[in-house]
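coords10.cif, holding mmCIF, C-alpha atoms:
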data_data
loop_
_atom_site.group_PDB
_atom_site.id
_atom_site.type_symbol
_atom_site.label_atom_id
_atom_site.label_comp_id
_atom_site.auth_asym_id
_atom_site.auth_seq_id
_atom_site.Cartn_x
_atom_site.Cartn_y
_atom_site.Cartn_z
ATOM 1 C CA MET X 1 49.800 -28.675 -11.064
ATOM 2 C CA ARG X 2 53.559 -28.852 -10.633
ATOM 3 C CA VAL X 3 55.355 -26.021 -12.428
ATOM 4 C CA GLU X 4 58.077 -28.459 -13.493
ATOM 5 C CA PRO X 5 56.530 -31.948 -13.603
ATOM 6 C CA ARG X 6 58.955 -34.846 -13.274
ATOM 7 C CA SER X 7 57.290 -36.420 -16.297
ATOM 8 C CA GLY X 8 58.156 -33.282 -18.259
ATOM 9 C CA ARG X 9 61.853 -33.632 -17.438
ATOM 10 C CA LEU X 10 61.773 -37.319 -18.377
ATOM 11 C CA THR X 11 60.035 -36.443 -21.640
ATOM 12 C CA ALA X 12 62.430 -33.621 -22.559
ATOM 13 C CA TRP X 13 65.727 -35.308 -21.715
ATOM 14 C CA GLY X 14 64.541 -38.694 -22.935
ATOM 15 C CA ASN X 15 63.769 -37.114 -26.309
ATOM 16 C CA ALA X 16 67.194 -35.454 -26.399
ATOM 17 C CA LEU X 17 68.785 -38.837 -25.664
ATOM 18 C CA PHE X 18 66.763 -40.625 -28.352
ATOM 19 C CA ALA X 19 67.806 -37.927 -30.829
ATOM 20 C CA GLY X 20 71.476 -38.546 -29.996
ATOM 21 C CA LEU X 21 71.965 -35.044 -28.602
ATOM 22 C CA VAL X 22 73.024 -35.979 -25.051
ATOM 23 C CA PRO X 23 74.826 -38.998 -23.521
ATOM 24 C CA PRO X 24 72.689 -41.465 -21.510
ATOM 25 C CA ASP X 25 74.257 -40.628 -18.136
ATOM 26 C CA ASP X 26 73.788 -36.879 -18.691
ATOM 27 C CA ALA X 27 70.130 -37.383 -19.598
ATOM 28 C CA ALA X 28 69.552 -39.510 -16.490
ATOM 29 C CA SER X 29 71.250 -36.919 -14.278
ATOM 30 C CA GLU X 30 69.064 -34.117 -15.644
ATOM 31 C CA ILE X 31 65.900 -36.172 -15.132
ATOM 32 C CA VAL X 32 66.765 -37.015 -11.520
ATOM 33 C CA GLY X 33 67.618 -33.383 -10.762
ATOM 34 C CA GLU X 34 67.471 -32.746 -7.006
ATOM 35 C CA ASP X 35 65.855 -36.106 -6.225
ATOM 36 C CA ALA X 36 67.928 -38.866 -4.645
ATOM 37 C CA VAL X 37 67.265 -41.633 -7.148
ATOM 38 C CA HIS X 38 64.842 -42.709 -9.882
ATOM 39 C CA ARG X 39 64.042 -46.345 -10.694
ATOM 40 C CA VAL X 40 61.832 -47.982 -13.310
ATOM 41 C CA THR X 41 59.763 -51.113 -12.628
ATOM 42 C CA GLY X 42 57.753 -53.349 -14.939
ATOM 43 C CA LEU X 43 59.975 -52.997 -18.007
ATOM 44 C CA PRO X 44 59.611 -55.899 -20.442
ATOM 45 C CA GLY X 45 62.419 -58.377 -19.870
ATOM 46 C CA GLU X 46 63.424 -56.921 -16.498
ATOM 47 C CA PRO X 47 62.419 -58.882 -13.361
ATOM 48 C CA GLY X 48 63.037 -55.977 -10.986
ATOM 49 C CA PRO X 49 63.712 -52.226 -10.748
ATOM 50 C CA VAL X 50 66.356 -50.720 -13.044
ATOM 51 C CA GLY X 51 67.998 -47.311 -13.337
ATOM 52 C CA LEU X 52 66.974 -44.632 -15.809
ATOM 53 C CA THR X 53 69.930 -45.169 -18.118
ATOM 54 C CA LEU X 54 69.124 -48.836 -18.619
ATOM 55 C CA ALA X 55 65.373 -48.164 -18.817
ATOM 56 C CA LEU X 56 65.656 -45.535 -21.545
ATOM 57 C CA GLY X 57 68.063 -47.759 -23.468
ATOM 58 C CA ARG X 58 65.641 -50.682 -23.217
ATOM 59 C CA LEU X 59 62.719 -48.573 -24.457
ATOM 60 C CA ARG X 60 64.792 -47.411 -27.428
ATOM 61 C CA ALA X 61 65.825 -51.003 -28.177
ATOM 62 C CA LEU X 62 62.151 -52.004 -28.116
ATOM 63 C CA GLY X 63 61.454 -49.397 -30.798
ATOM 64 C CA ALA X 64 60.625 -46.173 -28.952
ATOM 65 C CA ARG X 65 61.195 -43.139 -31.184
ATOM 66 C CA GLY X 66 60.402 -40.532 -28.560
ATOM 67 C CA LEU X 67 58.362 -39.637 -25.491
ATOM 68 C CA ARG X 68 55.212 -37.598 -24.940
ATOM 69 C CA LEU X 69 54.008 -35.883 -21.772
ATOM 70 C CA ALA X 70 50.539 -36.312 -20.268
ATOM 71 C CA LEU X 71 49.159 -34.008 -17.544
ATOM 72 C CA PRO X 72 45.642 -35.288 -16.838
ATOM 73 C CA ALA X 73 43.186 -33.859 -14.333
ATOM 74 C CA PRO X 74 39.674 -34.978 -13.311
ATOM 75 C CA GLY X 75 37.445 -34.674 -16.358
ATOM 76 C CA HIS X 76 40.383 -33.828 -18.613
ATOM 77 C CA PRO X 77 42.508 -36.818 -19.773
ATOM 78 C CA LEU X 78 45.103 -34.508 -21.335
ATOM 79 C CA GLY X 79 47.718 -36.468 -23.300
ATOM 80 C CA LEU X 80 46.250 -39.903 -22.544
ATOM 81 C CA SER X 81 45.013 -42.546 -24.971
ATOM 82 C CA GLY X 82 44.122 -45.485 -22.688
ATOM 83 C CA PRO X 83 43.636 -48.168 -21.625
ATOM 84 C CA PRO X 84 41.614 -47.364 -18.487
ATOM 85 C CA GLU X 85 44.208 -48.905 -16.160
ATOM 86 C CA PHE X 86 46.965 -46.616 -17.408
ATOM 87 C CA ASN X 87 44.672 -43.590 -17.468
ATOM 88 C CA ALA X 88 43.648 -44.214 -13.847
ATOM 89 C CA ALA X 89 47.269 -44.489 -12.682
ATOM 90 C CA ALA X 90 48.232 -41.332 -14.607
ATOM 91 C CA LEU X 91 45.252 -39.421 -13.245
ATOM 92 C CA ASP X 92 46.158 -40.450 -9.703
ATOM 93 C CA ALA X 93 49.729 -39.169 -10.238
ATOM 94 C CA GLU X 94 48.484 -36.152 -12.278
ATOM 95 C CA GLU X 95 51.229 -36.863 -14.831
ATOM 96 C CA ALA X 96 52.709 -39.575 -17.033
ATOM 97 C CA VAL X 97 55.028 -40.235 -19.971
ATOM 98 C CA VAL X 98 53.869 -42.110 -23.076
ATOM 99 C CA ALA X 99 56.378 -43.707 -25.440
ATOM 100 C CA VAL X 100 56.080 -43.168 -29.193
ATOM 101 C CA GLY X 101 56.577 -46.300 -31.278
ATOM 102 C CA VAL X 102 56.001 -48.878 -28.519
ATOM 103 C CA PRO X 103 52.837 -49.478 -26.424
ATOM 104 C CA TYR X 104 54.254 -48.499 -23.049
ATOM 105 C CA GLY X 105 53.968 -45.586 -20.658
ATOM 106 C CA LEU X 106 55.597 -44.543 -17.395
ATOM 107 C CA VAL X 107 53.807 -43.244 -14.296
ATOM 108 C CA PRO X 108 55.783 -41.816 -11.342
ATOM 109 C CA GLU X 109 55.258 -42.612 -7.694
ATOM 110 C CA VAL X 110 57.115 -40.325 -5.291
ATOM 111 C CA PHE X 111 58.414 -41.401 -1.877
ATOM 112 C CA GLU X 112 59.670 -38.890 0.685
ATOM 113 C CA ALA X 113 61.558 -39.517 3.938
ATOM 114 C CA GLY X 114 63.580 -37.529 6.451
ATOM 115 C CA PRO X 115 63.075 -34.240 8.326
ATOM 116 C CA ALA X 116 61.506 -31.238 6.594
ATOM 117 C CA ALA X 117 64.891 -29.546 6.281
ATOM 118 C CA ASP X 118 66.453 -32.560 4.566
ATOM 119 C CA VAL X 119 63.785 -34.490 2.672
ATOM 120 C CA HIS X 120 65.054 -37.527 0.774
ATOM 121 C CA VAL X 121 63.034 -38.078 -2.436
ATOM 122 C CA GLU X 122 62.945 -41.287 -4.448
ATOM 123 C CA VAL X 123 60.849 -41.813 -7.572
ATOM 124 C CA GLU X 124 59.616 -45.119 -8.921
ATOM 125 C CA TRP X 125 58.404 -45.082 -12.510
ATOM 126 C CA ARG X 126 55.926 -47.879 -13.271
ATOM 127 C CA CYS X 127 56.022 -49.111 -16.853
ATOM 128 C CA LEU X 128 52.498 -50.008 -17.987
ATOM 129 C CA PRO X 129 50.847 -50.935 -21.309
ATOM 130 C CA VAL X 130 49.238 -48.092 -23.246
ATOM 131 C CA ARG X 131 46.948 -47.948 -26.244
ATOM 132 C CA GLU X 132 48.624 -46.696 -29.417
ATOM 133 C CA ALA X 133 46.230 -43.913 -30.390
ATOM 134 C CA PRO X 134 46.287 -40.101 -30.700
ATOM 135 C CA PRO X 135 46.634 -38.416 -27.270
ATOM 136 C CA ALA X 136 43.622 -36.550 -25.926
ATOM 137 C CA ASP X 137 43.246 -32.766 -26.346
ATOM 138 C CA VAL X 138 46.883 -31.871 -27.112
ATOM 139 C CA PRO X 139 47.153 -28.614 -29.123
ATOM 140 C CA SER X 140 49.835 -27.692 -31.613
ATOM 141 C CA LEU X 141 52.593 -25.383 -30.443
ATOM 142 C CA GLY X 142 51.083 -22.545 -32.445
ATOM 143 C CA GLU X 143 47.656 -23.043 -30.875
ATOM 144 C CA ALA X 144 49.201 -23.293 -27.403
ATOM 145 C CA GLU X 145 51.128 -20.038 -27.841
ATOM 146 C CA ARG X 146 48.003 -18.167 -28.915
ATOM 147 C CA GLU X 147 45.948 -19.595 -26.054
ATOM 148 C CA LEU X 148 48.633 -18.711 -23.499
ATOM 149 C CA ALA X 149 48.700 -15.032 -24.427
ATOM 150 C CA GLU X 150 44.991 -14.788 -23.643
ATOM 151 C CA ALA X 151 45.357 -16.955 -20.513
ATOM 152 C CA MET X 152 48.031 -14.662 -19.093
ATOM 153 C CA ARG X 153 45.731 -11.655 -19.409
ATOM 154 C CA GLU X 154 42.843 -13.647 -17.975
ATOM 155 C CA ALA X 155 44.886 -14.936 -15.028
ATOM 156 C CA THR X 156 46.008 -11.439 -14.074
ATOM 157 C CA ALA X 157 42.470 -10.082 -14.334
ATOM 158 C CA VAL X 158 40.952 -12.952 -12.334
ATOM 159 C CA LEU X 159 43.485 -12.723 -9.509
ATOM 160 C CA SER X 160 43.122 -8.945 -9.278
ATOM 161 C CA ARG X 161 39.324 -9.155 -9.303
ATOM 162 C CA LEU X 162 39.348 -11.734 -6.499
ATOM 163 C CA ASP X 163 41.791 -9.582 -4.514
ATOM 164 C CA LEU X 164 44.268 -12.417 -4.030
ATOM 165 C CA ALA X 165 47.803 -11.939 -2.769
ATOM 166 C CA ALA X 166 48.947 -13.755 -5.884
ATOM 167 C CA SER X 167 47.900 -10.814 -8.056
ATOM 168 C CA GLY X 168 50.424 -8.299 -6.741
ATOM 169 C CA PRO X 169 53.923 -8.090 -5.243
ATOM 170 C CA VAL X 170 53.760 -11.639 -3.864
ATOM 171 C CA ALA X 171 53.195 -12.975 -7.368
ATOM 172 C CA GLU X 172 56.011 -10.921 -8.853
ATOM 173 C CA ALA X 173 58.394 -12.037 -6.099
ATOM 174 C CA ALA X 174 57.511 -15.690 -6.696
ATOM 175 C CA ILE X 175 57.967 -15.338 -10.448
ATOM 176 C CA GLU X 176 61.335 -13.651 -9.967
ATOM 177 C CA ALA X 177 62.405 -16.439 -7.603
ATOM 178 C CA TYR X 178 61.351 -18.975 -10.211
ATOM 179 C CA ARG X 179 63.307 -17.132 -12.914
ATOM 180 C CA ALA X 180 66.403 -17.044 -10.698
ATOM 181 C CA ARG X 181 66.119 -20.771 -10.115
ATOM 182 C CA VAL X 182 65.782 -21.734 -13.781
ATOM 183 C CA HIS X 183 68.119 -19.110 -15.254
ATOM 184 C CA GLY X 184 70.645 -18.538 -12.471
ATOM 185 C CA ALA X 185 74.047 -20.055 -11.839
ATOM 186 C CA GLY X 186 73.984 -23.815 -12.141
ATOM 187 C CA ALA X 187 70.529 -23.819 -13.736
ATOM 188 C CA THR X 188 69.752 -26.352 -16.418
ATOM 189 C CA GLU X 189 68.163 -25.629 -19.789
ATOM 190 C CA VAL X 190 64.483 -24.718 -19.904
ATOM 191 C CA LEU X 191 63.773 -27.884 -21.888
ATOM 192 C CA ALA X 192 66.630 -29.926 -23.400
ATOM 193 C CA PRO X 193 68.861 -29.762 -26.490
ATOM 194 C CA GLY X 194 66.980 -30.133 -29.766
ATOM 195 C CA TYR X 195 63.733 -28.413 -28.835
ATOM 196 C CA PRO X 196 62.408 -25.710 -31.217
ATOM 197 C CA PRO X 197 62.538 -22.094 -29.936
ATOM 198 C CA ARG X 198 58.731 -21.860 -29.938
ATOM 199 C CA ALA X 199 58.552 -24.801 -27.508
ATOM 200 C CA VAL X 200 60.916 -22.966 -25.153
ATOM 201 C CA ARG X 201 58.766 -19.808 -25.317
ATOM 202 C CA VAL X 202 55.590 -21.774 -24.679
ATOM 203 C CA VAL X 203 56.967 -23.720 -21.722
ATOM 204 C CA GLU X 204 58.343 -20.560 -20.086
ATOM 205 C CA LEU X 205 54.997 -18.744 -20.320
ATOM 206 C CA GLY X 206 53.097 -21.883 -19.324
ATOM 207 C CA ARG X 207 55.244 -22.218 -16.207
ATOM 208 C CA ARG X 208 54.731 -18.530 -15.379
ATOM 209 C CA ILE X 209 50.962 -19.007 -15.471
ATOM 210 C CA ALA X 210 51.296 -22.198 -13.423
ATOM 211 C CA VAL X 211 53.170 -20.199 -10.756
ATOM 212 C CA LEU X 212 50.321 -17.665 -10.600
ATOM 213 C CA VAL X 213 47.657 -20.375 -10.358
ATOM 214 C CA SER X 214 49.618 -22.249 -7.668
ATOM 215 C CA LEU X 215 49.985 -19.047 -5.637
ATOM 216 C CA ALA X 216 46.271 -18.418 -5.920
ATOM 217 C CA TYR X 217 45.429 -21.845 -4.546
ATOM 218 C CA GLU X 218 48.100 -21.645 -1.829
ATOM 219 C CA SER X 219 47.118 -18.196 -0.554
ATOM 220 C CA GLY X 220 44.348 -19.460 1.676
ATOM 221 C CA HIS X 221 40.948 -17.841 1.280
ATOM 222 C CA GLY X 222 42.234 -14.434 0.171
ATOM 223 C CA ALA X 223 39.223 -12.178 -0.056
ATOM 224 C CA ALA X 224 36.910 -15.153 -0.540
ATOM 225 C CA VAL X 225 35.065 -15.269 2.804
ATOM 226 C CA SER X 226 32.177 -17.535 1.842
ATOM 227 C CA ALA X 227 31.918 -20.996 0.314
ATOM 228 C CA GLY X 228 30.270 -19.437 -2.723
ATOM 229 C CA GLU X 229 33.110 -17.010 -3.255
ATOM 230 C CA MET X 230 35.715 -19.762 -2.854
ATOM 231 C CA ALA X 231 33.844 -21.846 -5.423
ATOM 232 C CA ALA X 232 33.759 -18.833 -7.744
ATOM 233 C CA ARG X 233 37.529 -18.452 -7.413
ATOM 234 C CA ALA X 234 38.106 -22.105 -8.304
ATOM 235 C CA GLU X 235 35.708 -21.816 -11.237
ATOM 236 C CA ALA X 236 37.481 -18.692 -12.512
ATOM 237 C CA LEU X 237 40.942 -20.263 -12.263
ATOM 238 C CA ARG X 238 40.021 -23.628 -13.784
ATOM 239 C CA PRO X 239 40.144 -22.604 -17.474
ATOM 240 C CA VAL X 240 43.411 -20.717 -16.911
ATOM 241 C CA GLU X 241 45.018 -23.760 -15.289
ATOM 242 C CA ARG X 242 43.656 -26.003 -18.058
ATOM 243 C CA THR X 243 45.210 -23.772 -20.725
ATOM 244 C CA ALA X 244 48.566 -23.801 -18.941
ATOM 245 C CA ARG X 245 48.549 -27.598 -18.738
ATOM 246 C CA ARG X 246 47.660 -27.918 -22.431
ATOM 247 C CA ALA X 247 50.487 -25.561 -23.312
ATOM 248 C CA LEU X 248 53.060 -27.416 -21.208
ATOM 249 C CA VAL X 249 52.111 -30.708 -22.845
ATOM 250 C CA ALA X 250 52.386 -29.147 -26.317
ATOM 251 C CA ALA X 251 55.800 -27.682 -25.470
ATOM 252 C CA TYR X 252 57.321 -30.839 -23.997
ATOM 253 C CA ASN X 253 55.964 -32.836 -26.940
ATOM 254 C CA GLY X 254 57.278 -30.299 -29.448
ATOM 255 C CA MET X 255 60.425 -32.219 -30.415
ATOM 256 C CA VAL X 256 58.513 -35.429 -31.125
ATOM 257 C CA GLU X 257 55.800 -33.612 -33.058
ATOM 258 C CA GLU X 258 58.405 -31.867 -35.205
ATOM 259 C CA ARG X 259 60.188 -35.141 -35.976
ATOM 260 C CA GLU X 260 56.951 -37.027 -36.657
ATOM 261 C CA ARG X 261 55.963 -34.421 -39.268
#

Encoded form using structure tokens:
Amino acid sequence: MRVEPRSGRLTAWGNALFAGLVPPDDAASEIVGEDAVHRVTGLPGEPGPVGLTLALGRLRALGARGLRLALPAPGHPLGLSGPPEFNAAALDAEEAVVAVGVPYGLVPEVFEAGPAADVHVEVEWRCLPVREAPPADVPSLGEAERELAEAMREATAVLSRLDLAASGPVAEAAIEAYRARVHGAGATEVLAPGYPPRAVRVVELGRRIAVLVSLAYESGHGAAVSAGEMAARAEALRPVERTARRALVAAYNGMVEERER
């Protein structure tokens, strides 16, 4: 799971744009971030790829009132509502954006080129039909905040019990590096203008847990020296990762949920 999914940035800044809180070019710039360029294909009425500014404007003209994030994983179609074709594309990408008010969604495909020290990243968002139905398994912000508090304790206990590098100084160093990146000079907002304070709290804690889980998976075998022990580690981390994904979806969708109420 990406700590900062591209679909999350599109959701957050697209919602701020739809609410009239940021200009179109500023929203597009925030969504692109450190990537080289983002394009959208398959938009109704557009024969070829278009830029984010035009794409978001077209979705709003079609009747979109906001955007929702989906972060599906095998066996967990989090944030999706169908049809199967869209769900399969979103599951393959492990993320997607679903429009509110029009039956369309966006799935990113990432292309990388260049040497490791200077990777050039382009993103193509495919616009596909979606089913207008409640998204799967998305909690309220209040539920997500309560679940995260328990997940943070559980993640720390699991990583310590499995004797992983991610449970000690390595984890703290990675979290501090993440904090410096998102809060340091030149950093952008945690979400985007217009989001409720609870959504900001939830996304910050959800990202912290995602950092811990990512470190656990990236730290090789740790103390797990047998296939059984490695399977046990994955089994122990799975519910923690699931909770973090649910929380991130709830947080990024917080502005839309508040307006829809």

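The residue set within 8 Å of region 101-109 of chain X, counting all atoms listed in the file and dropping same-chain residues fewer than 4 places from it, reads Arg6, Ser7, Leu59, Leu62, Gly63, Ala64, Arg65, Gly66, Phe86, Ala89, Ala90, Ala93, Glu95, Ala96, Val97, Val123, Glu124, Trp125, Arg126, Cys127, Leu128, Pro129, Val130, Arg131 and Glu132 of chain X.
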
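Taking CA of Ala27 (chain X) and CA of Trp13 (chain X) as the two end points, the separation is 5.3 Å.
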
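Neighbouring residues of Pro196 (chain X) at 12 Å or closer, counting all atoms listed in the file and skipping chain neighbours under 5 positions away, are Ala12, Ala16, Leu141, Gly142, Val190, Leu191, Arg201, Val202, Val203, Ala250, Ala251, Tyr252, Asn253, Gly254, Met255, Val256, Glu257, Glu258 and Arg259 of chain X.
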
Work out how far apart CA of Gly57 (chain X) and CA of Val22 (chain X) are and give it in Å to one decimal.
12.9 Å

On this file, the PyMOL selection byres ((chain X and resi 75-77) around 9) gives some set of residues; write that set as an MDAnalysis selection string.
chainID X and resid 70:74 78:81 87 90:91 135:137 242

Using the selection just defined, write its residues with C-alpha atoms as a short mmCIF file (atom, residue, chain, number, x, y, z; two decimals), in the coordinates of the input.
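Generated file (result-v5.cif):
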data_model
loop_
_atom_site.label_atom_id
_atom_site.label_comp_id
_atom_site.auth_asym_id
_atom_site.auth_seq_id
_atom_site.Cartn_x
_atom_site.Cartn_y
_atom_site.Cartn_z
CA ALA X 70 50.54 -36.31 -20.27
CA LEU X 71 49.16 -34.01 -17.54
CA PRO X 72 45.64 -35.29 -16.84
CA ALA X 73 43.19 -33.86 -14.33
CA PRO X 74 39.67 -34.98 -13.31
CA LEU X 78 45.10 -34.51 -21.34
CA GLY X 79 47.72 -36.47 -23.30
CA LEU X 80 46.25 -39.90 -22.54
CA SER X 81 45.01 -42.55 -24.97
CA ASN X 87 44.67 -43.59 -17.47
CA ALA X 90 48.23 -41.33 -14.61
CA LEU X 91 45.25 -39.42 -13.24
CA PRO X 135 46.63 -38.42 -27.27
CA ALA X 136 43.62 -36.55 -25.93
CA ASP X 137 43.25 -32.77 -26.35
CA ARG X 242 43.66 -26.00 -18.06
#

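Distance check against Arg9 (chain X) using all atoms listed in the file: of X:Ala113, X:Val37, X:Ala199, X:Ala192, the minimum falls on X:Ala192.
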
Provide the CA of Ala144 (chain X) to CA of Arg207 (chain X) distance in Å, to one decimal place.
12.8 Å

Residue IDs satisfying the PyMOL selection byres ((chain X and resi 243) around 8), as a ChimeraX atom specification:
/X:144,147-148,151,239-242,244-247

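Among the candidate residues X:Leu43, X:Leu237, X:Ala19, X:Val121, the one lying nearest to Thr156 (chain X) is X:Leu237, with distances computed using all atoms listed in the file.
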
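If all atoms listed in the file are the atoms counted, then among X:Glu150, X:Glu204, X:Asp118, X:Glu145 the closest residue to Glu34 (chain X) is X:Asp118.
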